[in-house]
Protein chains: 2
Amino acid sequence: MSGGLRFGASYTPSRGWFHSWLDLDLDEVRRDMDSLAELGLDHVRVLPMWELLQPNRTLIRAAAVADVVAVVDAAAAAGLDATVDVLQGHLSSFDFLPSWVLSWHRRDIFTDPEVVAAQERLVATLGLELAGRPTFLGLTLGNETNQFAKSRHPDPQPLDPAGAGRWLDRLLRVAARSAPGGRHTHSFDDDVWFVDDSVVTPTHAVTLGDLTTVHSWVFTGVAAHFPPGHPAYGWFARYLLELAAAWGGPGRGTWLQEVGAPVPHLGAGEVERFAARTLRTAAGHGRLWGVTWWCSHDVDRALADFPELEHTLGLLGSDRSVKPLGRVVAEVVAELRAARPVPVPVPQMVLPCEDGTVRRSATAPGSPFFADWVEAAAAGAPPRIVLPDGAVPWVQGVDGSAR
Amino acid sequence: MSGGLRFGASYTPSRGWFHSWLDLDLDEVRRDMDSLAELGLDHVRVLPMWELLQPNRTLIRAAAVADVVAVVDAAAAAGLDATVDVLQGHLSSFDFLPSWVLSWHRRDIFTDPEVVAAQERLVATLGLELAGRPTFLGLTLGNETNQFAKSRHPDPQPLDPAGAGRWLDRLLRVAARSAPGGRHTHSFDDDVWFVDDSVVTPTHAVTLGDLTTVHSWVFTGVAAHFPPGHPAYGWFARYLLELAAAWGGPGRGTWLQEVGAPVPHLGAGEVERFAARTLRTAAGHGRLWGVTWWCSHDVDRALADFPELEHTLGLLGSDRSVKPLGRVVAEVVAELRAARPVPVPVPQMVLPCEDGTVRRSATAPGSPFFADWVEAAAAGAPPRIVLPDGAVPWVQGVDGSAR
């Protein structure tokens with residue numbers, strides 16, 4: 001693999017979506033994995049469900065752990081490495097928290113000592129089971145776990161930045177101990193980069209775990225500020241990668257862990273162009289470890305209540321046919337494997353700073369900073385983003401807390 | 001079976017509690033069923049989990065339905081008939097609602113047309129699958145479904161009495177159509193009898209479904225008002241049956257669908273005496289169909305976060321050993337099968353009425369009415385409870401709504 005860039009997909013099972021964990025059919029999984037491998041991908045992101053792994057605080061189901069391992073092995077049989085998320089959590093608009101933290105048993109999932117101890121046991125269990133496998137790449141604590149602490153969540157978890165840091169650090173240490181050598185990460189949506197009061201901060205993003213993960217979705221802000229076809233779409237993932245690199249210290253790697261092509265926001269005719277542009281622009285980022293497309297297979301329309309966009313994000317249909325999107329991704333991946341873009345000299349843009357603080361909202365898709373960055377990128381010179389002169393490795397507020 | 005009284009138990013799987021639906025092991029189930037049959041019981045109440053049967057609004061898992069049928073068949077192989085609850089829902093303090101009605105997808109489970117249509121499909125599916133089985137007794141819509149509409153629920157469902165009636169009626173009609181000849185019921189805790197603003201009313205209790213179900217738990221009120229050992233404990237289930245009969249029209253049958261012996265409230269030394277007294281006093285109720293003890297097997301202490309009382313409610317231990325409680329229940333059941341108590345002439349007590357309305361709270365364990373009833377019962381003459389003179393078949397408020 002030229003340049004070592006990794007390309008993969010989040011594995012969304014073609015039959016029954018993630019509910020298929022309830023009826024795991026390894027023949028189906030193998031066919032799904034084969035269909036992905038044929039696109040020239042090299043890894044999958046595997047997303048088990050927390051409530052099935054740990055339906056009671058002190059019960060980790062051996063069968064569910066074995067199912068995760070079996071899916072990782074099925075991927076390996078198709079020539080695919082695997083990363084594994086632990087605490088789902090949140091998937092495609094649905095929350096899946098176990099009953100023992102909900103309703104009459106409502107407990108803080110980030111700070112309750114018994115809950116966190118149970119999460120540690122689960123991380124350790126999966127880490128230990130997967131550690132010996134040569135195709136296992138690492139654990140992610142969960143899919144966008146910051147979702148549960150958002151103030152706009154219907155039942156938000158109380159959490160502050162210090163608590164978020166403690167929780168992430170604690171579980172990532174368990175991951176490192178149980179599966180040494182893996183690339184272990186945490187994940188979050190772009191609130192972390194763009195929302196001033198997001199309790200998970202850029203500091204957490206760039207200091208905890210082995211790579212900074214980036215989830216790039218144009219519906220979070222880009223679509224509200226730019227018309228379809230605007231360069232902001234195809235450059236958005238790259239922008240997030242540059243922003244992550246700016247917040248991170250030297251040498252910190254980035255992983256475009258989630259990026260997808262939402263038809264309702266792009267327009268059906270733009271999907272393939274968007275995907276090609278996104279992959280090519282991202283690949284030009286010098287610190288990139290890899291790209292994991294969301295997602296592998298369309299969500300079957302027989303399933304209800306998904307946001308419309310979720311039904312068409314797959315590289316493959318729910319019948320495993322290669323979609324035009326999948327074909328384009330396969331072509332661009334082959335091209336980038338053959339010749340990774342050579343880094344070119346680029347201008348720098350300094351993050352806007354006020355009273356020693358970079359306000360995250362001042363870097364969001366609606367900001368002048370973002371518009372200026374996109375304009376430069378679209379002109380052929382995507383700026384490297386840097387911290388203001390004299391700032392500490394990651395900018396902190398006057399009260400010392402991370403912003 | 002002398003007198004035709006039915007005696008059974010709610011089936012709480014000995015390994016993994018209801019989470020064992022995730023890992024159904026029919027050999028284990030058969031052993032559980034055999035251990036119950038050896039107590040001389042004739043039926044079990046089977047409680048599947050809604051989120052496993054229907055993890056997406058339009059996905060009813062064939063495997064989960066087959067699991068329910070397999071458990072009913074395993075019971076039959078042990079000589080046990082089976083009733084089946086549909087929408088769990090709520091079990092032993094834990095709520096288990098599917099993700100498609102929670103959080104970002106929060107929808108009213110009693111009134112949202114698409115949710116109720118999905119519930120109808122599930123009731124129909126289970127009804128049709130079970131209808132042909134000679135040991136199948138009937139469906140219950142769910143375990144204490146009124147739980148979700150309580151004002152003190154952490155996330156209460158908006159519901160009024162008229163809406164409650166529509167929901168129950170609609171699903172019970174589906175049950176009747178899909179499994180004709182079954183005894184189909186709905187269930188609820190004693191808020192329905194004792195809490196003035198409970199939106200599920202005695203009217204719903206006694207007019208909807210084929211039997212009036214009674215769930216009798218001394219911790220809901222008796223334990224707060226009477227010292228351990230007081231006759232109120234052993235007569236409470238009978239009191240509820242009499243109250244249910246009073247609210248019901250002539251000929252309406254009652255089913256003591258849940259009754260259990262909570263050690264923390266009874267005292268360990270009182271458990272067996274309480275059970276014997278409860279069974280004997282209940283059996284003296286002329287309209288009783290049967291008694292279903294809660295529960296079959298203790299909840300393993302390896303499982304966390306259960307209220308303490310749940311670990312010792314079983315007739316059998318989690319190792320399937322017969323507990324002293326189970327032995328006493330077996331003995332009294334045998335005694336009552338051999339010779340059902342002959343109804344004796346009893347005094348009557350008229351429900352207290354004010355401005356044409358029986359206030360439910362005036363009949364609760366803390367009320368003078370309850371104390372008077374227990375005193376008479378303990379003296380050997382449990383009064384029949386009747387509606388106030390001239391009242392309609394079930395007392396209604398001045399605004400015509402059920403109270």
# chains A, B, ... in the order shown; residues from 1 in each chain; ligands from 1
call {"tool": "residues_around", "arguments": {"residues": "Asp389 of chain A", "least_positions_apart": "6", "cutoff": "10 Å", "atoms": "only C-alpha atoms", "output": "VMD selection string"}}
result
chain A and resid 350 to 351 353
call {"tool": "calpha_fit_and_write", "arguments": {"fixed": "chain A", "moving": "chain B", "output": "short mmCIF file (atom, residue, chain, number, x, y, z; two decimals) with C-alpha atoms, in the first residue's frame"}}
result
data_model
loop_
_atom_site.label_atom_id
_atom_site.label_comp_id
_atom_site.auth_asym_id
_atom_site.auth_seq_id
_atom_site.Cartn_x
_atom_site.Cartn_y
_atom_site.Cartn_z
CA MET B 1 0.01 0.01 0.10
CA SER B 2 1.73 3.07 -1.25
CA GLY B 3 2.21 5.61 1.48
CA GLY B 4 0.56 3.24 3.90
CA LEU B 5 -2.81 4.98 3.75
CA ARG B 6 -5.57 2.73 5.01
CA PHE B 7 -9.01 2.61 3.43
CA GLY B 8 -11.98 0.81 4.92
CA ALA B 9 -15.65 1.03 5.77
CA SER B 10 -17.84 0.91 8.83
CA TYR B 11 -19.56 -2.42 8.63
CA THR B 12 -23.36 -2.04 8.55
CA PRO B 13 -24.68 -5.58 8.08
CA SER B 14 -26.72 -5.91 4.89
CA ARG B 15 -29.52 -7.82 6.59
CA GLY B 16 -31.21 -6.50 9.69
CA TRP B 17 -28.69 -3.67 10.20
CA PHE B 18 -27.06 -3.89 13.65
CA HIS B 19 -30.07 -5.82 14.92
CA SER B 20 -28.44 -8.72 13.09
CA TRP B 21 -26.22 -9.16 16.15
CA LEU B 22 -29.35 -10.80 17.59
CA ASP B 23 -29.34 -13.38 14.80
CA LEU B 24 -25.71 -13.54 13.79
CA ASP B 25 -25.38 -15.51 10.57
CA LEU B 26 -21.68 -15.87 9.77
CA ASP B 27 -22.37 -16.95 6.21
CA GLU B 28 -24.13 -13.65 5.65
CA VAL B 29 -21.30 -11.80 7.37
CA ARG B 30 -18.71 -13.52 5.17
CA ARG B 31 -20.63 -12.57 2.06
CA ASP B 32 -20.81 -9.00 3.30
CA MET B 33 -17.07 -9.00 4.00
CA ASP B 34 -16.27 -10.50 0.61
CA SER B 35 -18.39 -7.84 -1.11
CA LEU B 36 -16.40 -5.16 0.72
CA ALA B 37 -13.01 -6.70 0.06
CA GLU B 38 -13.81 -6.70 -3.65
CA LEU B 39 -13.85 -2.91 -3.52
CA GLY B 40 -10.17 -2.97 -2.58
CA LEU B 41 -10.70 -1.90 1.00
CA ASP B 42 -8.31 -3.13 3.68
CA HIS B 43 -10.29 -2.85 6.91
CA VAL B 44 -13.70 -2.63 8.52
CA ARG B 45 -14.92 -0.88 11.62
CA VAL B 46 -17.03 -3.31 13.64
CA LEU B 47 -19.77 -1.92 15.86
CA PRO B 48 -21.27 -4.26 18.45
CA MET B 49 -24.10 -3.12 20.70
CA TRP B 50 -23.47 -2.37 24.35
CA GLU B 51 -26.83 -3.68 25.58
CA LEU B 52 -26.16 -7.06 23.94
CA LEU B 53 -22.61 -7.34 25.21
CA GLN B 54 -23.54 -6.30 28.75
CA PRO B 55 -27.31 -6.59 29.36
CA ASN B 56 -26.77 -6.42 33.11
CA ARG B 57 -24.03 -4.44 34.83
CA THR B 58 -22.29 -7.59 36.00
CA LEU B 59 -23.11 -9.79 33.02
CA ILE B 60 -20.86 -9.73 29.98
CA ARG B 61 -22.32 -12.28 27.60
CA ALA B 62 -19.62 -14.70 26.44
CA ALA B 63 -21.69 -15.44 23.34
CA ALA B 64 -21.84 -11.77 22.38
CA VAL B 65 -18.09 -11.38 22.84
CA ALA B 66 -17.59 -14.51 20.74
CA ASP B 67 -19.85 -13.00 18.07
CA VAL B 68 -17.65 -9.91 17.86
CA VAL B 69 -14.55 -12.06 17.57
CA ALA B 70 -16.26 -14.18 14.90
CA VAL B 71 -17.06 -11.08 12.84
CA VAL B 72 -13.46 -9.89 13.15
CA ASP B 73 -12.35 -13.34 12.00
CA ALA B 74 -14.84 -13.30 9.12
CA ALA B 75 -13.34 -10.00 8.05
CA ALA B 76 -9.87 -11.48 8.30
CA ALA B 77 -10.92 -14.39 6.10
CA ALA B 78 -11.84 -11.82 3.46
CA GLY B 79 -8.48 -10.09 3.87
CA LEU B 80 -9.81 -7.23 5.97
CA ASP B 81 -8.35 -5.90 9.20
CA ALA B 82 -10.77 -4.70 11.85
CA THR B 83 -11.22 -1.98 14.40
CA VAL B 84 -13.87 -2.52 17.05
CA ASP B 85 -16.05 0.02 18.84
CA VAL B 86 -17.11 -0.93 22.34
CA LEU B 87 -19.92 1.16 23.83
CA GLN B 88 -22.80 1.59 21.30
CA GLY B 89 -24.40 3.65 22.42
CA HIS B 90 -25.56 5.70 19.49
CA LEU B 91 -25.98 4.48 15.91
CA SER B 92 -27.65 6.32 13.02
CA SER B 93 -29.99 8.36 15.23
CA PHE B 94 -30.94 5.49 17.56
CA ASP B 95 -29.71 5.31 21.15
CA PHE B 96 -28.97 1.89 22.59
CA LEU B 97 -28.17 2.19 26.25
CA PRO B 98 -28.63 -0.84 28.49
CA SER B 99 -31.67 -0.91 30.78
CA TRP B 100 -29.45 -0.72 33.85
CA VAL B 101 -28.62 2.93 33.16
CA LEU B 102 -32.10 4.03 32.04
CA SER B 103 -35.42 5.02 33.52
CA TRP B 104 -35.82 3.78 37.12
CA HIS B 105 -32.15 2.76 36.97
CA ARG B 106 -30.96 6.03 35.48
CA ARG B 107 -27.26 6.46 36.25
CA ASP B 108 -24.54 8.68 34.87
CA ILE B 109 -22.69 6.71 32.23
CA PHE B 110 -19.58 8.89 32.43
CA THR B 111 -19.17 9.40 36.15
CA ASP B 112 -21.01 6.75 38.18
CA PRO B 113 -18.21 4.64 39.66
CA GLU B 114 -20.04 1.32 39.25
CA VAL B 115 -21.05 2.10 35.68
CA VAL B 116 -17.54 3.12 34.70
CA ALA B 117 -16.10 0.03 36.41
CA ALA B 118 -18.50 -2.08 34.31
CA GLN B 119 -17.41 -0.27 31.17
CA GLU B 120 -13.81 -0.96 32.10
CA ARG B 121 -14.60 -4.66 32.40
CA LEU B 122 -16.19 -4.65 28.95
CA VAL B 123 -13.30 -2.78 27.34
CA ALA B 124 -10.85 -5.18 29.01
CA THR B 125 -12.83 -8.24 27.95
CA LEU B 126 -12.96 -7.22 24.31
CA GLY B 127 -9.35 -6.07 24.37
CA LEU B 128 -8.09 -9.34 25.81
CA GLU B 129 -10.16 -11.42 23.38
CA LEU B 130 -8.98 -9.49 20.34
CA ALA B 131 -5.41 -8.70 21.33
CA GLY B 132 -3.83 -11.79 19.83
CA ARG B 133 -5.35 -11.40 16.39
CA PRO B 134 -2.96 -10.06 13.74
CA THR B 135 -5.79 -8.34 11.89
CA PHE B 136 -7.07 -6.49 14.95
CA LEU B 137 -6.24 -2.80 14.68
CA GLY B 138 -7.58 -1.42 17.93
CA LEU B 139 -10.57 -0.41 20.01
CA THR B 140 -12.64 2.74 19.84
CA LEU B 141 -14.42 3.39 23.13
CA GLY B 142 -17.73 3.89 21.36
CA ASN B 143 -19.44 5.65 18.52
CA GLU B 144 -19.59 9.39 19.17
CA THR B 145 -19.91 8.91 22.90
CA ASN B 146 -20.11 12.70 23.35
CA GLN B 147 -23.67 12.43 21.97
CA PHE B 148 -24.97 11.53 25.41
CA ALA B 149 -23.54 14.64 27.07
CA LYS B 150 -24.96 17.14 24.56
CA SER B 151 -27.23 19.70 26.13
CA ARG B 152 -29.71 19.09 23.33
CA HIS B 153 -29.87 15.35 23.99
CA PRO B 154 -33.36 14.38 25.20
CA ASP B 155 -31.87 13.03 28.43
CA PRO B 156 -28.40 14.57 28.67
CA GLN B 157 -25.77 13.10 30.94
CA PRO B 158 -24.29 15.59 33.36
CA LEU B 159 -20.62 15.98 32.43
CA ASP B 160 -17.98 18.67 32.48
CA PRO B 161 -14.70 18.80 30.55
CA ALA B 162 -12.67 17.50 33.47
CA GLY B 163 -15.06 14.57 33.92
CA ALA B 164 -15.00 13.84 30.20
CA GLY B 165 -11.23 13.73 30.27
CA ARG B 166 -11.14 11.43 33.27
CA TRP B 167 -13.63 9.03 31.69
CA LEU B 168 -11.87 8.86 28.33
CA ASP B 169 -8.44 8.53 29.89
CA ARG B 170 -9.53 5.79 32.26
CA LEU B 171 -11.11 3.61 29.57
CA LEU B 172 -8.31 4.21 27.09
CA ARG B 173 -5.79 3.06 29.68
CA VAL B 174 -7.75 -0.17 30.03
CA ALA B 175 -7.76 -0.58 26.26
CA ALA B 176 -3.99 -0.07 26.13
CA ARG B 177 -3.37 -2.55 28.94
CA SER B 178 -5.69 -5.22 27.59
CA ALA B 179 -4.58 -4.98 23.96
CA PRO B 180 -1.07 -3.52 23.91
CA GLY B 181 0.11 -2.33 20.55
CA GLY B 182 -3.37 -1.55 19.22
CA ARG B 183 -4.30 1.90 18.04
CA HIS B 184 -7.00 2.76 20.54
CA THR B 185 -9.18 5.82 20.11
CA HIS B 186 -12.29 7.61 21.21
CA SER B 187 -14.77 9.18 18.85
CA PHE B 188 -17.14 12.12 18.74
CA ASP B 189 -19.03 14.26 16.29
CA ASP B 190 -17.91 17.71 15.17
CA ASP B 191 -19.50 19.44 18.17
CA VAL B 192 -16.09 18.86 19.71
CA TRP B 193 -14.51 21.16 17.13
CA PHE B 194 -17.33 23.66 16.64
CA VAL B 195 -19.55 23.99 19.71
CA ASP B 196 -18.17 26.21 22.43
CA ASP B 197 -19.78 24.42 25.34
CA SER B 198 -19.15 20.86 24.11
CA VAL B 199 -17.74 19.17 27.20
CA VAL B 200 -15.55 16.93 25.09
CA THR B 201 -12.89 19.34 23.91
CA PRO B 202 -10.23 19.50 21.21
CA THR B 203 -7.76 18.84 24.02
CA HIS B 204 -9.41 15.48 24.64
CA ALA B 205 -9.54 14.84 20.91
CA VAL B 206 -5.85 15.33 20.30
CA THR B 207 -4.28 14.07 23.52
CA LEU B 208 -6.28 10.97 24.42
CA GLY B 209 -5.94 7.79 22.43
CA ASP B 210 -3.42 6.97 19.74
CA LEU B 211 -4.96 8.88 16.86
CA THR B 212 -7.27 11.86 16.57
CA THR B 213 -10.51 10.64 15.06
CA VAL B 214 -12.55 12.79 12.71
CA HIS B 215 -16.20 12.23 11.82
CA SER B 216 -17.10 14.34 8.82
CA TRP B 217 -20.74 14.91 7.95
CA VAL B 218 -21.81 17.77 5.71
CA PHE B 219 -25.28 17.85 7.24
CA THR B 220 -23.99 19.18 10.57
CA GLY B 221 -23.24 22.66 9.25
CA VAL B 222 -21.91 22.79 5.69
CA ALA B 223 -25.30 22.10 4.14
CA ALA B 224 -26.88 24.97 6.08
CA HIS B 225 -24.36 27.51 4.80
CA PHE B 226 -23.37 26.42 1.30
CA PRO B 227 -25.38 25.47 -1.79
CA PRO B 228 -25.08 21.95 -3.19
CA GLY B 229 -22.01 21.59 -5.38
CA HIS B 230 -20.02 24.20 -3.46
CA PRO B 231 -16.39 23.25 -2.79
CA ALA B 232 -17.11 23.39 0.96
CA TYR B 233 -18.63 19.92 0.65
CA GLY B 234 -15.70 18.10 -0.89
CA TRP B 235 -13.16 19.92 1.28
CA PHE B 236 -14.96 19.56 4.59
CA ALA B 237 -13.28 16.36 5.71
CA ARG B 238 -9.87 17.78 4.85
CA TYR B 239 -10.72 20.93 6.77
CA LEU B 240 -11.55 18.85 9.85
CA LEU B 241 -8.29 16.96 9.48
CA GLU B 242 -6.35 20.21 9.28
CA LEU B 243 -8.23 21.58 12.27
CA ALA B 244 -7.49 18.41 14.22
CA ALA B 245 -3.82 18.69 13.27
CA ALA B 246 -3.73 22.31 14.38
CA TRP B 247 -5.10 21.45 17.82
CA GLY B 248 -2.79 18.44 18.10
CA GLY B 249 0.86 18.45 18.98
CA PRO B 250 3.51 17.64 16.39
CA GLY B 251 3.41 14.08 15.11
CA ARG B 252 -0.16 13.41 16.18
CA GLY B 253 -1.83 11.23 13.58
CA THR B 254 -5.39 11.69 12.32
CA TRP B 255 -7.96 9.12 11.27
CA LEU B 256 -10.93 10.06 9.13
CA GLN B 257 -12.95 7.44 10.98
CA GLU B 258 -16.32 8.40 9.55
CA VAL B 259 -17.24 10.16 6.36
CA GLY B 260 -20.26 9.54 4.20
CA ALA B 261 -22.22 10.94 1.29
CA PRO B 262 -25.73 11.92 2.39
CA VAL B 263 -27.89 12.10 -0.73
CA PRO B 264 -30.50 14.51 0.68
CA HIS B 265 -27.82 17.13 1.34
CA LEU B 266 -25.59 16.55 -1.68
CA GLY B 267 -28.17 15.87 -4.35
CA ALA B 268 -28.21 12.45 -6.01
CA GLY B 269 -26.07 13.62 -8.92
CA GLU B 270 -23.30 14.88 -6.64
CA VAL B 271 -22.68 11.78 -4.54
CA GLU B 272 -19.91 10.20 -6.57
CA ARG B 273 -18.16 13.49 -7.25
CA PHE B 274 -18.33 14.33 -3.55
CA ALA B 275 -16.87 10.96 -2.59
CA ALA B 276 -13.99 11.22 -5.02
CA ARG B 277 -13.24 14.78 -3.97
CA THR B 278 -13.43 13.90 -0.28
CA LEU B 279 -11.02 10.98 -0.63
CA ARG B 280 -8.54 12.91 -2.76
CA THR B 281 -8.54 16.01 -0.58
CA ALA B 282 -8.28 13.98 2.61
CA ALA B 283 -5.39 11.94 1.21
CA GLY B 284 -3.41 15.14 0.77
CA HIS B 285 -3.34 15.59 4.53
CA GLY B 286 0.16 14.66 5.66
CA ARG B 287 -0.76 13.15 9.03
CA LEU B 288 -3.59 10.92 7.83
CA TRP B 289 -3.56 7.29 8.96
CA GLY B 290 -6.56 6.29 6.88
CA VAL B 291 -10.17 6.73 5.88
CA THR B 292 -13.10 4.58 7.00
CA TRP B 293 -16.16 5.22 4.87
CA TRP B 294 -19.65 5.25 6.39
CA CYS B 295 -20.93 2.84 5.46
CA SER B 296 -20.57 -0.58 3.89
CA HIS B 297 -24.16 -1.53 3.01
CA ASP B 298 -27.36 0.50 2.64
CA VAL B 299 -29.91 0.23 5.41
CA ASP B 300 -32.74 -1.87 4.02
CA ARG B 301 -35.89 0.21 3.43
CA ALA B 302 -37.86 -2.57 5.10
CA LEU B 303 -36.56 -1.08 8.36
CA ALA B 304 -38.45 1.92 9.67
CA ASP B 305 -37.76 5.27 11.31
CA PHE B 306 -34.27 5.87 10.01
CA PRO B 307 -33.50 9.36 8.76
CA GLU B 308 -33.87 9.17 4.99
CA LEU B 309 -30.16 9.70 4.39
CA GLU B 310 -29.24 6.47 6.20
CA HIS B 311 -30.82 4.32 3.52
CA THR B 312 -28.39 5.40 0.80
CA LEU B 313 -25.02 5.80 2.51
CA GLY B 314 -23.74 2.35 1.57
CA LEU B 315 -20.97 1.62 -0.86
CA LEU B 316 -23.05 -1.45 -1.58
CA GLY B 317 -26.80 -1.93 -1.66
CA SER B 318 -28.54 -4.05 0.94
CA ASP B 319 -28.44 -6.74 -1.80
CA ARG B 320 -24.62 -6.38 -1.88
CA SER B 321 -24.64 -4.95 -5.39
CA VAL B 322 -21.92 -2.38 -5.95
CA LYS B 323 -23.47 1.07 -6.16
CA PRO B 324 -22.00 3.80 -8.36
CA LEU B 325 -20.74 5.32 -5.09
CA GLY B 326 -18.93 2.09 -4.27
CA ARG B 327 -17.41 1.90 -7.73
CA VAL B 328 -16.06 5.45 -7.50
CA VAL B 329 -14.68 4.88 -4.02
CA ALA B 330 -13.00 1.69 -5.23
CA GLU B 331 -11.45 3.53 -8.18
CA VAL B 332 -10.19 6.45 -6.14
CA VAL B 333 -8.86 4.17 -3.42
CA ALA B 334 -6.92 2.23 -6.06
CA GLU B 335 -5.60 5.48 -7.48
CA LEU B 336 -4.53 6.76 -4.06
CA ARG B 337 -2.90 3.48 -3.16
CA ALA B 338 -0.90 3.64 -6.39
CA ALA B 339 0.17 7.24 -5.90
CA ARG B 340 -0.52 9.10 -2.70
CA PRO B 341 -0.63 12.83 -3.32
CA VAL B 342 2.70 14.49 -2.66
CA PRO B 343 2.44 17.20 0.00
CA VAL B 344 2.91 20.59 -1.57
CA PRO B 345 3.92 23.85 0.09
CA VAL B 346 0.78 25.49 1.34
CA PRO B 347 -0.07 28.74 3.02
CA GLN B 348 -0.89 28.84 6.71
CA MET B 349 -4.00 30.16 8.40
CA VAL B 350 -3.90 31.06 12.06
CA LEU B 351 -6.89 30.10 14.15
CA PRO B 352 -8.84 33.17 15.25
CA CYS B 353 -8.10 33.98 18.87
CA GLU B 354 -9.72 36.33 21.35
CA ASP B 355 -8.37 36.98 24.82
CA GLY B 356 -6.11 33.95 24.57
CA THR B 357 -8.96 31.66 23.61
CA VAL B 358 -9.87 30.10 20.31
CA ARG B 359 -13.65 30.01 20.33
CA ARG B 360 -14.64 26.79 18.64
CA SER B 361 -17.70 28.35 17.05
CA ALA B 362 -15.41 30.80 15.24
CA THR B 363 -14.06 27.86 13.22
CA ALA B 364 -17.40 26.25 12.29
CA PRO B 365 -18.82 26.02 8.76
CA GLY B 366 -20.77 29.27 9.22
CA SER B 367 -17.65 31.25 10.19
CA PRO B 368 -15.54 33.61 8.05
CA PHE B 369 -12.51 31.49 8.96
CA PHE B 370 -14.06 28.40 7.39
CA ALA B 371 -15.18 30.29 4.29
CA ASP B 372 -11.68 31.72 3.81
CA TRP B 373 -10.11 28.30 4.24
CA VAL B 374 -12.43 26.70 1.69
CA GLU B 375 -11.82 29.50 -0.81
CA ALA B 376 -8.08 28.98 -0.59
CA ALA B 377 -8.44 25.21 -0.77
CA ALA B 378 -10.74 25.38 -3.79
CA ALA B 379 -8.14 27.59 -5.49
CA GLY B 380 -5.66 24.73 -5.16
CA ALA B 381 -3.85 25.57 -1.94
CA PRO B 382 -5.56 24.10 1.15
CA PRO B 383 -3.99 26.03 4.02
CA ARG B 384 -2.35 24.37 6.94
CA ILE B 385 -4.12 25.55 10.07
CA VAL B 386 -1.95 26.64 12.96
CA LEU B 387 -2.47 27.81 16.50
CA PRO B 388 -2.01 31.49 17.29
CA ASP B 389 1.57 32.57 17.91
CA GLY B 390 2.80 31.82 21.38
CA ALA B 391 -0.16 29.62 22.21
CA VAL B 392 0.40 26.51 24.23
CA PRO B 393 0.34 23.25 22.27
CA TRP B 394 -3.43 23.40 22.43
CA VAL B 395 -5.11 26.64 23.20
CA GLN B 396 -6.57 26.89 26.64
CA GLY B 397 -8.93 29.36 28.16
CA VAL B 398 -7.87 31.90 30.73
CA ASP B 399 -9.27 29.70 33.47
CA GLY B 400 -6.92 26.93 32.41
CA SER B 401 -9.72 24.70 31.18
CA ALA B 402 -9.65 23.37 27.67
CA ARG B 403 -11.86 25.24 25.23
#
call {"tool": "select_by_dssp", "arguments": {"residues": "segment 33-184 of chain A", "states": "strand (DSSP E or B)", "output": "number ranges by chain"}}
result
A: 43-46, 56, 59, 81-85, 90-91, 94-95, 136-140
call {"tool": "select_by_dssp", "arguments": {"residues": "segment 196-273 of chain A", "states": "helix (DSSP H, G or I)", "output": "ChimeraX atom specification"}}
result
/A:202-207,218-220,222-225,231-247,263-266,268-273
